[in-house]
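Coordinates from protein_25.txt are shown below (compact mmCIF, C-alpha atoms and all ligand atoms).
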# COMPACT_ATOMS: atom_id res chain seq x y z
CA MET A 1 0.00 0.00 0.00
CA PRO A 2 2.65 2.61 0.96
CA ARG A 3 4.39 1.65 -2.29
CA LEU A 4 1.24 2.41 -4.30
CA ILE A 5 0.81 5.78 -2.59
CA PHE A 6 4.43 6.56 -3.25
CA ALA A 7 4.04 5.65 -6.94
CA ILE A 8 0.94 7.86 -7.30
CA VAL A 9 2.64 10.79 -5.59
CA LEU A 10 5.68 10.35 -7.82
CA LYS A 11 3.53 10.30 -10.95
CA LEU A 12 1.63 13.42 -9.88
CA ALA A 13 4.87 15.18 -9.10
CA LEU A 14 6.23 14.20 -12.52
CA LEU A 15 3.05 15.36 -14.26
CA CYS A 16 3.17 18.71 -12.45
CA GLY A 17 6.79 18.99 -13.33
CA LEU A 18 6.14 18.16 -16.98
CA SER A 19 3.25 20.62 -17.33
CA ALA A 20 5.38 23.31 -15.69
CA MET A 21 8.09 22.44 -18.18
CA ALA A 22 5.66 22.59 -21.09
CA GLN A 23 4.71 26.11 -20.00
CA GLU A 24 8.33 27.03 -19.67
CA ALA A 25 9.00 25.73 -23.17
CA THR A 26 6.77 28.44 -24.60
CA THR A 27 8.83 31.15 -22.89
CA PRO A 28 12.29 31.48 -24.35
CA ALA A 29 13.87 32.75 -21.07
CA ALA A 30 17.27 31.24 -20.20
CA PRO A 31 16.72 28.11 -18.07
CA ASP A 32 17.49 28.27 -14.38
CA ARG A 33 20.16 25.68 -13.68
CA SER A 34 20.91 26.69 -10.12
CA ALA A 35 19.31 23.50 -8.78
CA THR A 36 21.86 21.37 -10.62
CA GLY A 37 24.80 23.61 -9.86
CA GLY A 38 24.99 24.73 -13.50
CA ALA A 39 24.81 21.23 -14.98
CA GLN A 40 22.06 20.30 -17.43
CA THR A 41 18.53 19.96 -16.14
CA LEU A 42 15.62 17.73 -17.10
CA ASP A 43 14.35 20.68 -19.18
CA ASP A 44 17.51 20.60 -21.25
CA ILE A 45 17.26 16.85 -21.80
CA LEU A 46 13.60 17.04 -22.80
CA ALA A 47 14.23 19.99 -25.12
CA ARG A 48 16.95 17.97 -26.83
CA GLN A 49 14.64 14.99 -27.16
CA ARG A 50 12.01 17.22 -28.75
CA GLY A 51 14.65 18.15 -31.28
CA GLU A 52 14.67 21.82 -30.27
CA PRO A 53 17.88 23.71 -31.00
CA ILE A 54 19.60 24.28 -27.66
CA ASP A 55 22.59 26.30 -26.76
CA ASP A 56 24.63 23.78 -24.80
CA SER A 57 27.72 25.93 -24.53
CA PHE A 58 27.20 25.81 -20.74
CA ARG A 59 28.09 22.09 -20.96
CA SER A 60 30.94 22.27 -23.40
CA MET A 61 32.55 25.05 -21.38
CA ALA A 62 32.23 23.20 -18.06
CA THR A 63 35.34 21.09 -18.36
CA GLY A 64 37.01 22.24 -15.17
CA ASP A 65 40.46 23.61 -14.71
CA PRO A 66 43.03 20.96 -13.80
CA ASN A 67 45.51 23.60 -12.71
CA SER A 68 43.20 25.65 -10.54
CA ALA A 69 45.00 26.23 -7.24
CA ALA A 70 41.71 26.40 -5.38
CA ALA A 71 40.58 23.12 -6.86
CA MET A 72 43.90 21.47 -6.15
CA ALA A 73 43.51 22.38 -2.53
CA ASP A 74 40.52 20.06 -2.34
CA GLN A 75 40.98 16.34 -1.91
CA LEU A 76 40.10 15.28 -5.43
CA GLY A 77 42.53 12.47 -6.09
CA THR A 78 44.64 12.11 -9.23
CA LEU A 79 42.51 14.33 -11.48
CA GLY A 80 43.33 17.46 -9.50
CA GLY A 81 40.77 20.19 -10.14
CA GLN A 82 39.18 18.18 -12.92
CA SER A 83 36.51 15.61 -12.17
CA ASP A 84 35.63 12.55 -14.21
CA PRO A 85 32.45 14.02 -15.76
CA GLU A 86 34.44 17.09 -16.74
CA LEU A 87 37.05 14.97 -18.46
CA TRP A 88 34.41 12.99 -20.33
CA ARG A 89 32.72 16.23 -21.29
CA ALA A 90 36.01 17.58 -22.63
CA LEU A 91 36.37 14.41 -24.75
CA ARG A 92 32.76 14.70 -25.80
CA TYR A 93 33.17 18.33 -26.93
CA ASN A 94 36.64 17.85 -28.37
CA SER A 95 38.29 20.29 -25.99
CA ALA A 96 40.44 17.77 -24.08
CA ASP A 97 44.17 18.34 -24.42
CA LEU A 98 44.78 15.02 -26.18
CA ARG A 99 48.18 13.95 -27.41
CA VAL A 100 48.21 11.08 -29.88
CA SER A 101 51.20 9.11 -31.06
CA ALA A 102 49.76 8.51 -34.55
CA GLY A 103 46.94 9.68 -36.79
CA GLY A 104 47.53 13.42 -36.47
CA GLU A 105 44.77 15.96 -35.77
CA VAL A 106 42.07 13.58 -36.98
CA ALA A 107 42.86 11.06 -34.22
CA THR A 108 42.39 13.68 -31.49
CA VAL A 109 38.65 13.80 -32.19
CA LEU A 110 37.09 10.95 -30.21
CA VAL A 111 33.43 11.96 -30.31
CA GLN A 112 31.99 14.00 -33.14
CA ASP A 113 28.41 15.21 -32.88
CA GLY A 114 28.14 16.24 -36.52
CA GLY A 115 28.45 12.59 -37.50
CA MET A 116 24.89 11.91 -36.39
CA ARG A 117 23.51 14.91 -38.26
CA TRP A 118 25.40 13.85 -41.39
CA LEU A 119 24.14 10.27 -41.06
CA SER A 120 20.51 11.33 -40.76
CA VAL A 121 20.78 13.75 -43.70
CA ARG A 122 22.40 11.04 -45.82
CA GLN A 123 19.83 8.43 -44.85
CA ARG A 124 16.71 10.55 -45.30
CA PRO A 125 16.59 13.84 -47.22
CA LEU A 126 19.50 13.01 -49.51
CA ARG A 127 17.95 9.72 -50.63
CA THR A 128 14.41 11.06 -50.78
CA TYR A 129 15.03 14.36 -52.57
CA GLY A 130 17.90 13.05 -54.71
CA GLY A 131 16.04 9.94 -55.87
CA GLY A 132 12.85 11.99 -56.18
CA LEU A 133 14.56 14.53 -58.43
CA LEU A 134 15.63 11.80 -60.86
CA LEU A 135 12.19 10.15 -60.91
CA VAL A 136 10.41 13.50 -61.38
CA THR A 137 12.78 14.36 -64.25
CA ILE A 138 12.05 11.06 -65.97
CA GLY A 139 8.30 11.54 -65.36
CA LEU A 140 8.30 15.08 -66.79
CA LEU A 141 10.22 13.93 -69.86
CA ALA A 142 7.71 11.11 -70.39
CA ILE A 143 4.82 13.62 -70.19
CA PHE A 144 6.67 15.98 -72.56
CA PHE A 145 7.22 13.12 -75.01
CA VAL A 146 3.52 12.22 -74.93
CA LEU A 147 2.43 15.84 -75.44
CA ARG A 148 5.07 17.04 -77.93
CA GLY A 149 6.28 13.83 -79.51
CA ARG A 150 9.56 13.62 -81.37
CA VAL A 151 11.07 16.77 -82.84
CA ARG A 152 11.08 15.77 -86.52
CA VAL A 153 13.15 17.07 -89.40
CA ASP A 154 10.53 19.24 -91.15
CA ALA A 155 12.07 19.38 -94.64
CA GLU A 156 12.73 16.38 -96.88
CA LYS A 157 16.12 14.78 -96.08
CA THR A 158 18.72 15.72 -98.71
CA GLY A 159 20.94 12.65 -98.49
CA ARG A 160 23.93 15.01 -98.35
CA THR A 161 25.72 15.11 -95.00
CA VAL A 162 28.06 17.46 -93.16
CA THR A 163 30.56 16.48 -90.45
CA ARG A 164 29.22 17.70 -87.14
CA PHE A 165 31.78 16.20 -84.75
CA ALA A 166 35.23 14.87 -85.68
CA PHE A 167 36.41 11.49 -84.36
CA PHE A 168 38.44 13.04 -81.55
CA GLU A 169 35.46 15.13 -80.39
CA ARG A 170 33.23 12.06 -80.37
CA MET A 171 35.82 10.06 -78.42
CA ALA A 172 36.06 12.82 -75.83
CA HIS A 173 32.26 12.96 -75.58
CA TRP A 174 31.84 9.21 -75.17
CA THR A 175 34.64 8.99 -72.60
CA LEU A 176 32.88 11.73 -70.64
CA ALA A 177 29.47 10.12 -71.12
CA GLY A 178 30.60 6.53 -70.43
CA SER A 179 32.50 7.48 -67.31
CA PHE A 180 29.66 9.69 -66.04
CA ILE A 181 27.11 6.91 -66.46
CA LEU A 182 29.38 4.45 -64.62
CA LEU A 183 29.99 7.00 -61.87
CA GLY A 184 26.26 7.73 -61.63
CA VAL A 185 25.22 4.07 -61.42
CA THR A 186 27.92 3.10 -58.90
CA GLY A 187 27.23 6.26 -56.87
CA LEU A 188 23.52 5.40 -56.72
CA LEU A 189 24.32 1.82 -55.70
CA THR A 190 26.49 3.14 -52.87
CA LEU A 191 23.74 5.44 -51.62
CA PHE A 192 20.73 3.15 -52.14
CA GLY A 193 22.28 -0.36 -51.94
CA ARG A 194 21.33 -0.95 -48.33
CA VAL A 195 17.71 0.12 -48.77
CA ALA A 196 17.04 -1.01 -52.35
CA ILE A 197 19.31 -3.99 -53.09
CA GLN A 198 19.87 -5.63 -49.70
CA PRO A 199 16.20 -6.30 -48.88
CA LEU A 200 15.68 -7.81 -52.37
CA LEU A 201 18.89 -9.71 -53.06
CA GLY A 202 20.46 -10.07 -49.63
CA LYS A 203 23.56 -8.81 -47.87
CA GLU A 204 26.08 -10.86 -49.84
CA VAL A 205 24.97 -9.57 -53.25
CA ASN A 206 24.79 -6.02 -51.93
CA SER A 207 28.25 -6.32 -50.43
CA VAL A 208 29.77 -7.56 -53.72
CA LEU A 209 28.02 -4.73 -55.60
CA LEU A 210 29.27 -2.15 -53.12
CA ILE A 211 32.88 -3.35 -53.19
CA GLY A 212 32.76 -3.36 -57.00
CA SER A 213 31.05 0.04 -57.08
CA LYS A 214 33.67 1.61 -54.86
CA TRP A 215 36.49 0.31 -57.03
CA ILE A 216 34.83 1.40 -60.29
CA HIS A 217 33.80 4.77 -58.87
CA ASN A 218 37.31 5.58 -57.60
CA SER A 219 39.09 4.45 -60.77
CA VAL A 220 36.71 5.76 -63.44
CA SER A 221 36.66 9.21 -61.83
CA TRP A 222 40.07 9.89 -63.46
CA ALA A 223 38.68 9.25 -66.94
CA PHE A 224 35.79 11.62 -66.20
CA MET A 225 38.09 14.39 -65.01
CA LEU A 226 40.38 14.00 -67.99
CA ALA A 227 37.49 13.97 -70.48
CA LEU A 228 35.97 17.00 -68.75
CA ILE A 229 39.14 19.00 -69.37
CA VAL A 230 39.37 17.83 -73.01
CA VAL A 231 35.70 18.63 -73.71
CA PHE A 232 36.12 22.05 -72.12
CA VAL A 233 39.15 22.88 -74.32
CA LEU A 234 37.46 21.52 -77.47
CA TRP A 235 34.13 23.30 -77.15
CA VAL A 236 34.52 26.35 -74.91
CA ALA A 237 34.96 28.74 -77.85
CA HIS A 238 31.62 27.61 -79.32
CA ASN A 239 29.83 28.04 -76.01
CA ILE A 240 30.41 31.70 -75.26
CA PRO A 241 26.93 33.23 -74.91
CA ASN A 242 25.86 35.72 -77.60
CA ARG A 243 22.77 37.68 -78.69
CA LEU A 244 21.41 34.83 -80.80
CA ASP A 245 20.90 32.87 -77.57
CA LEU A 246 18.26 35.36 -76.41
CA VAL A 247 16.29 34.85 -79.65
CA TRP A 248 16.64 31.09 -79.22
CA ILE A 249 15.40 31.23 -75.62
CA ARG A 250 12.47 33.52 -76.56
CA GLN A 251 11.36 30.98 -79.15
CA PHE A 252 11.97 28.03 -76.79
CA GLY A 253 14.43 26.67 -79.29
CA GLY A 254 11.65 25.60 -81.64
CA ILE A 255 11.09 22.59 -79.41
CA VAL A 256 7.77 23.84 -78.09
CA GLY A 257 6.66 25.83 -81.14
CA LYS A 258 7.28 24.91 -84.75
CA LYS A 259 9.65 27.74 -85.68
CA HIS A 260 13.33 26.84 -85.47
CA PRO A 261 15.50 29.81 -84.49
CA PRO A 262 18.92 30.23 -86.14
CA ALA A 263 21.95 28.92 -84.25
CA LYS A 264 25.68 28.53 -84.65
CA LYS A 265 27.46 25.27 -83.69
CA PHE A 266 25.71 25.19 -80.30
CA ASN A 267 22.35 26.75 -79.46
CA ALA A 268 21.43 28.31 -76.09
CA GLY A 269 20.04 25.01 -74.75
CA GLN A 270 23.26 23.21 -75.56
CA LYS A 271 25.30 26.01 -74.03
CA LEU A 272 23.32 25.54 -70.84
CA ILE A 273 24.13 21.82 -70.92
CA PHE A 274 27.80 22.56 -71.64
CA TRP A 275 28.23 25.01 -68.76
CA SER A 276 26.28 22.79 -66.36
CA VAL A 277 28.54 19.87 -67.25
CA ILE A 278 31.69 21.97 -66.87
CA LEU A 279 30.78 23.79 -63.66
CA PHE A 280 28.90 21.02 -61.84
CA GLY A 281 31.35 18.43 -63.21
CA ALA A 282 34.29 20.47 -61.87
CA SER A 283 32.60 20.87 -58.49
CA ILE A 284 31.86 17.14 -58.29
CA SER A 285 35.49 16.44 -59.27
CA VAL A 286 36.98 18.71 -56.60
CA SER A 287 34.73 17.37 -53.82
CA GLY A 288 35.43 13.85 -55.14
CA LEU A 289 39.18 14.42 -54.87
CA SER A 290 38.66 15.59 -51.31
CA LEU A 291 36.88 12.28 -50.60
CA LEU A 292 39.47 10.23 -52.50
CA PHE A 293 42.29 11.61 -50.33
CA PRO A 294 40.64 11.75 -46.89
CA PHE A 295 41.57 14.74 -44.71
CA GLU A 296 44.17 15.96 -47.22
CA LEU A 297 41.97 18.44 -49.09
CA PRO A 298 39.62 20.17 -46.65
CA LEU A 299 37.46 22.60 -48.64
CA PHE A 300 34.61 23.86 -46.56
CA ALA A 301 36.13 25.91 -43.71
CA LYS A 302 38.00 27.97 -46.32
CA THR A 303 34.96 28.29 -48.59
CA PHE A 304 32.72 29.28 -45.65
CA THR A 305 35.26 31.90 -44.54
CA ILE A 306 35.23 33.45 -48.01
CA LEU A 307 31.40 33.35 -48.17
CA ASN A 308 31.14 34.90 -44.68
CA ASP A 309 33.56 37.67 -45.71
CA ILE A 310 31.44 38.42 -48.76
CA GLY A 311 28.39 38.40 -46.47
CA LEU A 312 26.37 36.01 -48.63
CA PRO A 313 25.11 33.67 -45.84
CA ASN A 314 23.89 36.62 -43.74
CA TRP A 315 22.19 38.05 -46.77
CA VAL A 316 20.13 34.89 -47.34
CA GLY A 317 19.49 34.50 -43.59
CA TYR A 318 21.80 31.51 -42.94
CA GLY A 319 24.90 33.17 -41.65
CA PRO A 320 27.51 33.20 -40.53
CA LEU A 321 28.55 29.72 -41.62
CA PRO A 322 30.81 27.70 -39.27
CA THR A 323 34.50 28.05 -40.05
CA ASP A 324 35.94 25.94 -37.26
CA LEU A 325 35.27 22.47 -38.65
CA ALA A 326 36.60 19.14 -37.39
CA PRO A 327 38.42 17.13 -40.10
CA GLN A 328 35.57 14.63 -40.03
CA GLU A 329 33.04 17.41 -40.58
CA GLU A 330 34.97 18.49 -43.66
CA MET A 331 34.60 14.97 -45.06
CA GLN A 332 30.90 14.82 -44.22
CA LEU A 333 30.23 18.11 -45.98
CA ALA A 334 32.30 17.01 -48.97
CA GLN A 335 30.22 13.83 -49.23
CA LEU A 336 26.90 15.69 -49.06
CA TRP A 337 27.98 18.36 -51.54
CA HIS A 338 29.39 15.72 -53.92
CA ALA A 339 26.11 13.80 -53.87
CA ILE A 340 23.79 16.84 -54.14
CA VAL A 341 25.62 18.32 -57.14
CA ALA A 342 25.82 14.86 -58.72
CA PHE A 343 22.04 14.47 -58.43
CA VAL A 344 21.50 17.85 -60.09
CA LEU A 345 23.88 16.98 -62.93
CA MET A 346 22.32 13.51 -63.34
CA ALA A 347 18.89 15.13 -63.75
CA ILE A 348 20.26 17.51 -66.37
CA ILE A 349 22.03 14.67 -68.18
CA ILE A 350 18.88 12.54 -68.23
CA ALA A 351 17.19 15.40 -70.12
CA HIS A 352 20.25 15.65 -72.40
CA ILE A 353 20.17 11.92 -73.17
CA TYR A 354 16.45 12.18 -73.93
CA ILE A 355 16.90 14.98 -76.47
CA GLY A 356 19.97 13.29 -78.00
CA THR A 357 18.09 10.03 -78.64
CA LEU A 358 14.31 9.72 -78.36
CA GLY A 359 13.43 13.42 -78.29
CA MET A 360 14.94 14.59 -81.57
CA GLU A 361 15.10 12.88 -84.91
CA GLY A 362 18.62 12.82 -86.37
CA ALA A 363 20.39 14.18 -83.26
CA TYR A 364 22.12 10.91 -82.34
CA ASP A 365 23.91 10.75 -85.71
CA ALA A 366 25.93 13.80 -84.67
CA MET A 367 27.60 11.81 -81.89
CA GLY A 368 27.21 8.37 -83.51
CA THR A 369 28.77 8.63 -86.97
CA GLY A 370 29.58 12.33 -86.65
CA GLU A 371 27.68 13.03 -89.94
CA VAL A 372 24.30 14.83 -90.04
CA ASP A 373 21.93 15.40 -92.94
CA GLU A 374 22.01 18.94 -94.31
CA ALA A 375 18.25 19.25 -93.72
CA TRP A 376 18.79 18.52 -90.01
CA ALA A 377 21.74 20.91 -89.83
CA HIS A 378 19.72 23.64 -91.58
CA GLN A 379 16.80 23.21 -89.18
CA HIS A 380 18.80 23.23 -85.93
CA HIS A 381 22.09 25.01 -86.66
CA SER A 382 21.48 27.12 -89.77
CA ILE A 383 24.32 29.62 -89.25
CA TRP A 384 26.80 26.84 -88.46
CA LEU A 385 25.77 25.01 -91.68
CA GLU A 386 26.36 28.17 -93.73
CA GLU A 387 29.79 28.58 -92.12
CA VAL A 388 30.74 24.97 -92.88
CA GLN A 389 29.48 25.22 -96.49
CA GLU A 390 31.33 28.51 -96.94
CA LYS A 391 34.56 26.83 -95.82
CA GLU A 392 33.90 23.88 -98.14
CA ARG A 393 33.37 26.22 -101.09
CA ALA A 394 36.56 28.11 -100.24
CA LYS A 395 38.62 24.88 -100.19
CA PRO A 396 38.83 24.05 -103.94
CA GLN A 397 39.59 27.70 -104.69
CA GLU A 398 42.39 27.68 -102.13
CA ALA A 399 43.68 24.40 -103.51
CA GLY A 400 43.47 25.82 -107.09
CA ALA A 401 45.29 28.99 -106.05
CA THR A 402 48.11 26.97 -104.50
CA ALA A 403 48.35 24.76 -107.61
CA ALA A 404 48.52 27.87 -109.88
CA GLU A 405 51.40 29.25 -107.80
C1 LIG A 501 23.87 7.87 -73.56
C2 LIG A 501 24.20 9.07 -73.20
C3 LIG A 501 24.36 10.26 -74.11
C4 LIG A 501 23.89 10.51 -75.38
C5 LIG A 501 23.03 9.62 -76.23
C6 LIG A 501 24.38 11.82 -75.76
C7 LIG A 501 24.14 12.41 -76.98
C8 LIG A 501 24.69 13.61 -77.41
C9 LIG A 501 24.51 14.19 -78.70
C10 LIG A 501 23.69 13.58 -79.82
C11 LIG A 501 25.18 15.38 -78.72
C12 LIG A 501 25.31 16.32 -79.91
C13 LIG A 501 24.21 17.29 -80.05
C14 LIG A 501 24.37 18.07 -81.32
O1 LIG A 501 24.63 17.51 -82.37
O2 LIG A 501 24.21 19.27 -81.30
C15 LIG A 501 25.79 15.56 -77.42
C16 LIG A 501 26.51 16.64 -77.03
C17 LIG A 501 27.02 16.85 -75.76
N1 LIG A 501 27.00 15.94 -74.72
FE1 LIG A 501 26.08 14.13 -74.73
N2 LIG A 501 25.11 12.33 -74.72
C18 LIG A 501 25.12 11.41 -73.69
C19 LIG A 501 25.71 11.56 -72.45
C20 LIG A 501 26.41 12.68 -72.04
C21 LIG A 501 27.00 12.85 -70.74
C22 LIG A 501 26.91 11.82 -69.62
C23 LIG A 501 27.58 14.07 -70.72
C24 LIG A 501 28.34 14.75 -69.61
C25 LIG A 501 28.48 14.32 -68.39
C26 LIG A 501 27.36 14.68 -72.01
C27 LIG A 501 27.78 15.93 -72.37
C28 LIG A 501 27.59 16.51 -73.62
C29 LIG A 501 27.99 17.87 -73.95
C30 LIG A 501 28.68 18.86 -72.98
C31 LIG A 501 27.62 18.08 -75.29
C32 LIG A 501 27.79 19.38 -76.08
C33 LIG A 501 26.63 20.30 -75.81
C34 LIG A 501 25.32 19.72 -76.28
O3 LIG A 501 25.21 19.28 -77.43
O4 LIG A 501 24.39 19.72 -75.49
N3 LIG A 501 26.65 13.79 -72.81
N4 LIG A 501 25.48 14.46 -76.64

Once more with this new file: its structure as structure tokens, please.
Amino acid sequence: MPRLIFAIVLKLALLCGLSAMAQEATTPAAPDRSATGGAQTLDDILARQRGEPIDDSFRSMATGDPNSAAAMADQLGTLGGQSDPELWRALRYNSADLRVSAGGEVATVLVQDGGMRWLSVRQRPLRTYGGGLLLVTIGLLAIFFVLRGRVRVDAEKTGRTVTRFAFFERMAHWTLAGSFILLGVTGLLTLFGRVAIQPLLGKEVNSVLLIGSKWIHNSVSWAFMLALIVVFVLWVAHNIPNRLDLVWIRQFGGIVGKKHPPAKKFNAGQKLIFWSVILFGASISVSGLSLLFPFELPLFAKTFTILNDIGLPNWVGYGPLPTDLAPQEEMQLAQLWHAIVAFVLMAIIIAHIYIGTLGMEGAYDAMGTGEVDEAWAHQHHSIWLEEVQEKERAKPQEAGATAAE
């Protein structure tokens, strides 16, 4: 009986306590921690469990002073002025004066909070939004195909062809494309293997796929980076924006309407693809290198410092960004950035593959054999066709002039 009464009293006391806490939660006043001597209170623990952002600097700062003369005067045993909880807290908040015999700065971090945040972002939003973006892109393209159909060559084909891309250009393109597709597939397997492959095919199959993916991903990345540089050098001159691009954009490139605006070698749509591939591809490459050589190429503290100096984060309401990052945090941010930009580029490339195959009659020939029908060239790149024909006409005259000399 006394036990029952005690249990009821305890419950009531807890309930009163909880409702008082609920009221307190609505008022943002600084919590009173006098009852715990400055240590965390039940309020703090509950707030953390509710996922509320809490300023726990009062904990991370409370790591004692081992050299305090006053503290040393007390009988505290071998830890001097520092108590066990304080030491653990110092380890927990990475402020302990750790000396390690190997592993460098990285090994001095024993507990790293950010790891949990990174893990939950990688497991949830990254998979959901990243995978969602690819599926939505494919869905939108399917709807577009149903509504618009294939972009046909309007005029009768001439049977005469012009060289659109030389062998070397096509090789560079297919090295870039082949490596990107391999990187995309192996990257997706790495991110989704545990949730998509493992439940279906089991741990063993997933493990083999992941080991293979890692090897392919790490090795093929070099081919991608090399091809990216070659493609940039080959095509950058043709991709400088000009006034014609505005006309092309205004007419939606003739893809939505029926009128085909004039264009040089690359139209505004292709320039957008080119610059996306170059800029996003470069960003994926740099963050990938940072992941390939762990802790050797930290990028984010420096980038955040520059952004803070410019004032950009404050301007968009997210500043200032943290600039004191643990080596592990640098790696976590590199992984997230690498994956986010890769998802964006994959979505863009899915649209590019669509228009280069199913979406436009005759487009694939440009990268397949390198030869396109003059009717196709006239419809999509009229100014470029004139330039090529002009050069062709000039050739025999040049040759004749040299022969006459
Ligand atoms: C199976 C996959 C792919 C196909 C079928 C394909 C097809 C094509 C075609 C037909 C062209 C020439 C368009 C023209 O004649 O004007 C082209 C150009 C180009 N491709 Fe691809 N491509 C593929 C994958 C990729 C990938 C993965 C990348 C980069 C990561 C890429 C980057 C480019 C770039 C930068 C151009 C020049 C700009 C443009 O035409 O949009 N391609 N591609």

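All residues, whether protein, DNA or RNA, that have an atom at most 7 Å from ligand LIG 501 (chain A) (counting all atoms listed in the file) are Arg164, His173, Leu176, Ala177, Gly178, Phe180, Ile181, Phe266, Gly269, Gln270, Lys271, Ile273, Phe274, Val277, Ile349, His352, Ile353, Gly356, Thr357, Ala363, Tyr364, Asp365, Ala366 and Met367 of chain A.
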
Pull the closest atom pair for each residue of stretch 31-148 of chain A that gets at most 7 Å from stretch 325-341 of chain A, along with the distance in Å to one decimal, counting only C-alpha atoms, ordering rows by chain and then ascending residue number, as JSON lines.
{"residue": "A:Val106", "atom": "CA", "partner": "A:Pro327", "partner_atom": "CA", "distance": 6.0}
{"residue": "A:Gly114", "atom": "CA", "partner": "A:Glu329", "partner_atom": "CA", "distance": 6.5}
{"residue": "A:Trp118", "atom": "CA", "partner": "A:Gln332", "partner_atom": "CA", "distance": 6.3}

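From atom CA of A:Gln389 back to atom CA of A:Val162, the distance works out to 8.6 Å.
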
Quick check, in Å to one decimal: how far apart do atom CA of A:Pro320 and atom CA of A:Tyr129 lie?
25.6 Å

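The gap separating atom CA of A:Arg89 from atom CA of A:Met61 is 8.8 Å, in Å to one decimal.
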
Identify which of the residues A:Phe304, A:Gly253, A:Thr175, A:Trp222 lies closest to A:Tyr318, counting only C-alpha atoms when measuring atom-to-atom distances.
A:Phe304

Using only C-alpha atoms and a cutoff of 7 Å, can you tell me which residues are near (27.4, 28.4, -70.1) in the file's coordinates, and write them out as JSON, numbers by chain?
{"A": [239, 240, 241, 271, 272, 274, 275, 276]}

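Counting all atoms listed in the file and comparing A:Phe295, A:Ser60, A:Leu141, A:Glu52, the residue that lies closest to A:Gln40 is A:Ser60.
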
Excluding A:Thr323 and its own-chain neighbours fewer than 3 positions away, which residues fall within 10 Å of it when counting all atoms listed in the file? Please give them as a PDB file with C-alpha atoms, keeping the file's coordinate frame.
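Wrote result.pdb, looks like this:
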ATOM      1  CA  PHE A 300      34.610  23.860 -46.560  1.00  0.00           C
ATOM      2  CA  ALA A 301      36.130  25.910 -43.710  1.00  0.00           C
ATOM      3  CA  LYS A 302      38.000  27.970 -46.320  1.00  0.00           C
ATOM      4  CA  THR A 303      34.960  28.290 -48.590  1.00  0.00           C
ATOM      5  CA  PHE A 304      32.720  29.280 -45.650  1.00  0.00           C
ATOM      6  CA  THR A 305      35.260  31.900 -44.540  1.00  0.00           C
ATOM      7  CA  ILE A 306      35.230  33.450 -48.010  1.00  0.00           C
ATOM      8  CA  ASN A 308      31.140  34.900 -44.680  1.00  0.00           C
ATOM      9  CA  PRO A 320      27.510  33.200 -40.530  1.00  0.00           C
ATOM     10  CA  ALA A 326      36.600  19.140 -37.390  1.00  0.00           C
TER      11      ALA A 326
END

Pick out the residues sitting within 12 Å of A:Gly184, and hand them over as a PyMOL selection string; count all atoms listed in the file, and ignore anything fewer than 4 positions along from it in its own chain.
chain A and resi 131+134+176-180+188-192+213-214+216-218+220-221+224+281+284+338-339+341-347+349-350

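For the choices A:Lys259, A:Arg99, A:His381, A:Lys264, the atom-to-atom distance to A:Arg243 is smallest for A:Lys264 when using only C-alpha atoms.
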
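Of the listed residues (A:Leu87, A:Arg160, A:Tyr93, A:Val195), A:Val195 comes nearest to A:Arg124; the distances count all atoms listed in the file.
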
What's around A:Arg33 at 10 Å? Count all atoms listed in the file, leave out sequence neighbours fewer than 4 positions away in its own chain, and write the answer as a ChimeraX atom specification.
/A:37-44,58

Next, the residues of the selection above should be written as an mmCIF file, keeping the file's coordinate frame with C-alpha atoms.
data_model
loop_
_atom_site.group_PDB
_atom_site.id
_atom_site.type_symbol
_atom_site.label_atom_id
_atom_site.label_comp_id
_atom_site.auth_asym_id
_atom_site.auth_seq_id
_atom_site.Cartn_x
_atom_site.Cartn_y
_atom_site.Cartn_z
ATOM 1 C CA GLY A 37 24.800 23.610 -9.860
ATOM 2 C CA GLY A 38 24.990 24.730 -13.500
ATOM 3 C CA ALA A 39 24.810 21.230 -14.980
ATOM 4 C CA GLN A 40 22.060 20.300 -17.430
ATOM 5 C CA THR A 41 18.530 19.960 -16.140
ATOM 6 C CA LEU A 42 15.620 17.730 -17.100
ATOM 7 C CA ASP A 43 14.350 20.680 -19.180
ATOM 8 C CA ASP A 44 17.510 20.600 -21.250
ATOM 9 C CA PHE A 58 27.200 25.810 -20.740
#

Any chance you could work out the axis-aligned box around stretch 367-376 of chain A, listed atoms only, 6 Å on each side, giving centre and edge lengths in Å to one decimal, as AutoDock Vina command-line options?
--center_x 23.9 --center_y 13.8 --center_z -88.1 --size_x 23.3 --size_y 22.9 --size_z 24.4

Can you list, as JSON, numbers by chain, every protein, DNA or RNA residue that comes within 10 Å of A:Leu209 when you count all atoms listed in the file, leaving out same-chain residues fewer than 6 positions away?
{"A": [186, 189, 190, 193, 197, 203, 215]}

Go ahead and write the residues just picked, C-alpha atoms, as an mmCIF file, in the coordinates of the input.
data_model
loop_
_atom_site.group_PDB
_atom_site.id
_atom_site.type_symbol
_atom_site.label_atom_id
_atom_site.label_comp_id
_atom_site.auth_asym_id
_atom_site.auth_seq_id
_atom_site.Cartn_x
_atom_site.Cartn_y
_atom_site.Cartn_z
ATOM 1 C CA THR A 186 27.920 3.100 -58.900
ATOM 2 C CA LEU A 189 24.320 1.820 -55.700
ATOM 3 C CA THR A 190 26.490 3.140 -52.870
ATOM 4 C CA GLY A 193 22.280 -0.360 -51.940
ATOM 5 C CA ILE A 197 19.310 -3.990 -53.090
ATOM 6 C CA LYS A 203 23.560 -8.810 -47.870
ATOM 7 C CA TRP A 215 36.490 0.310 -57.030
#

Within 9 Å of A:Glu361 using all atoms listed in the file, minus same-chain residues under 4 positions, as a ChimeraX atom specification
/A:150-153,355-357,376
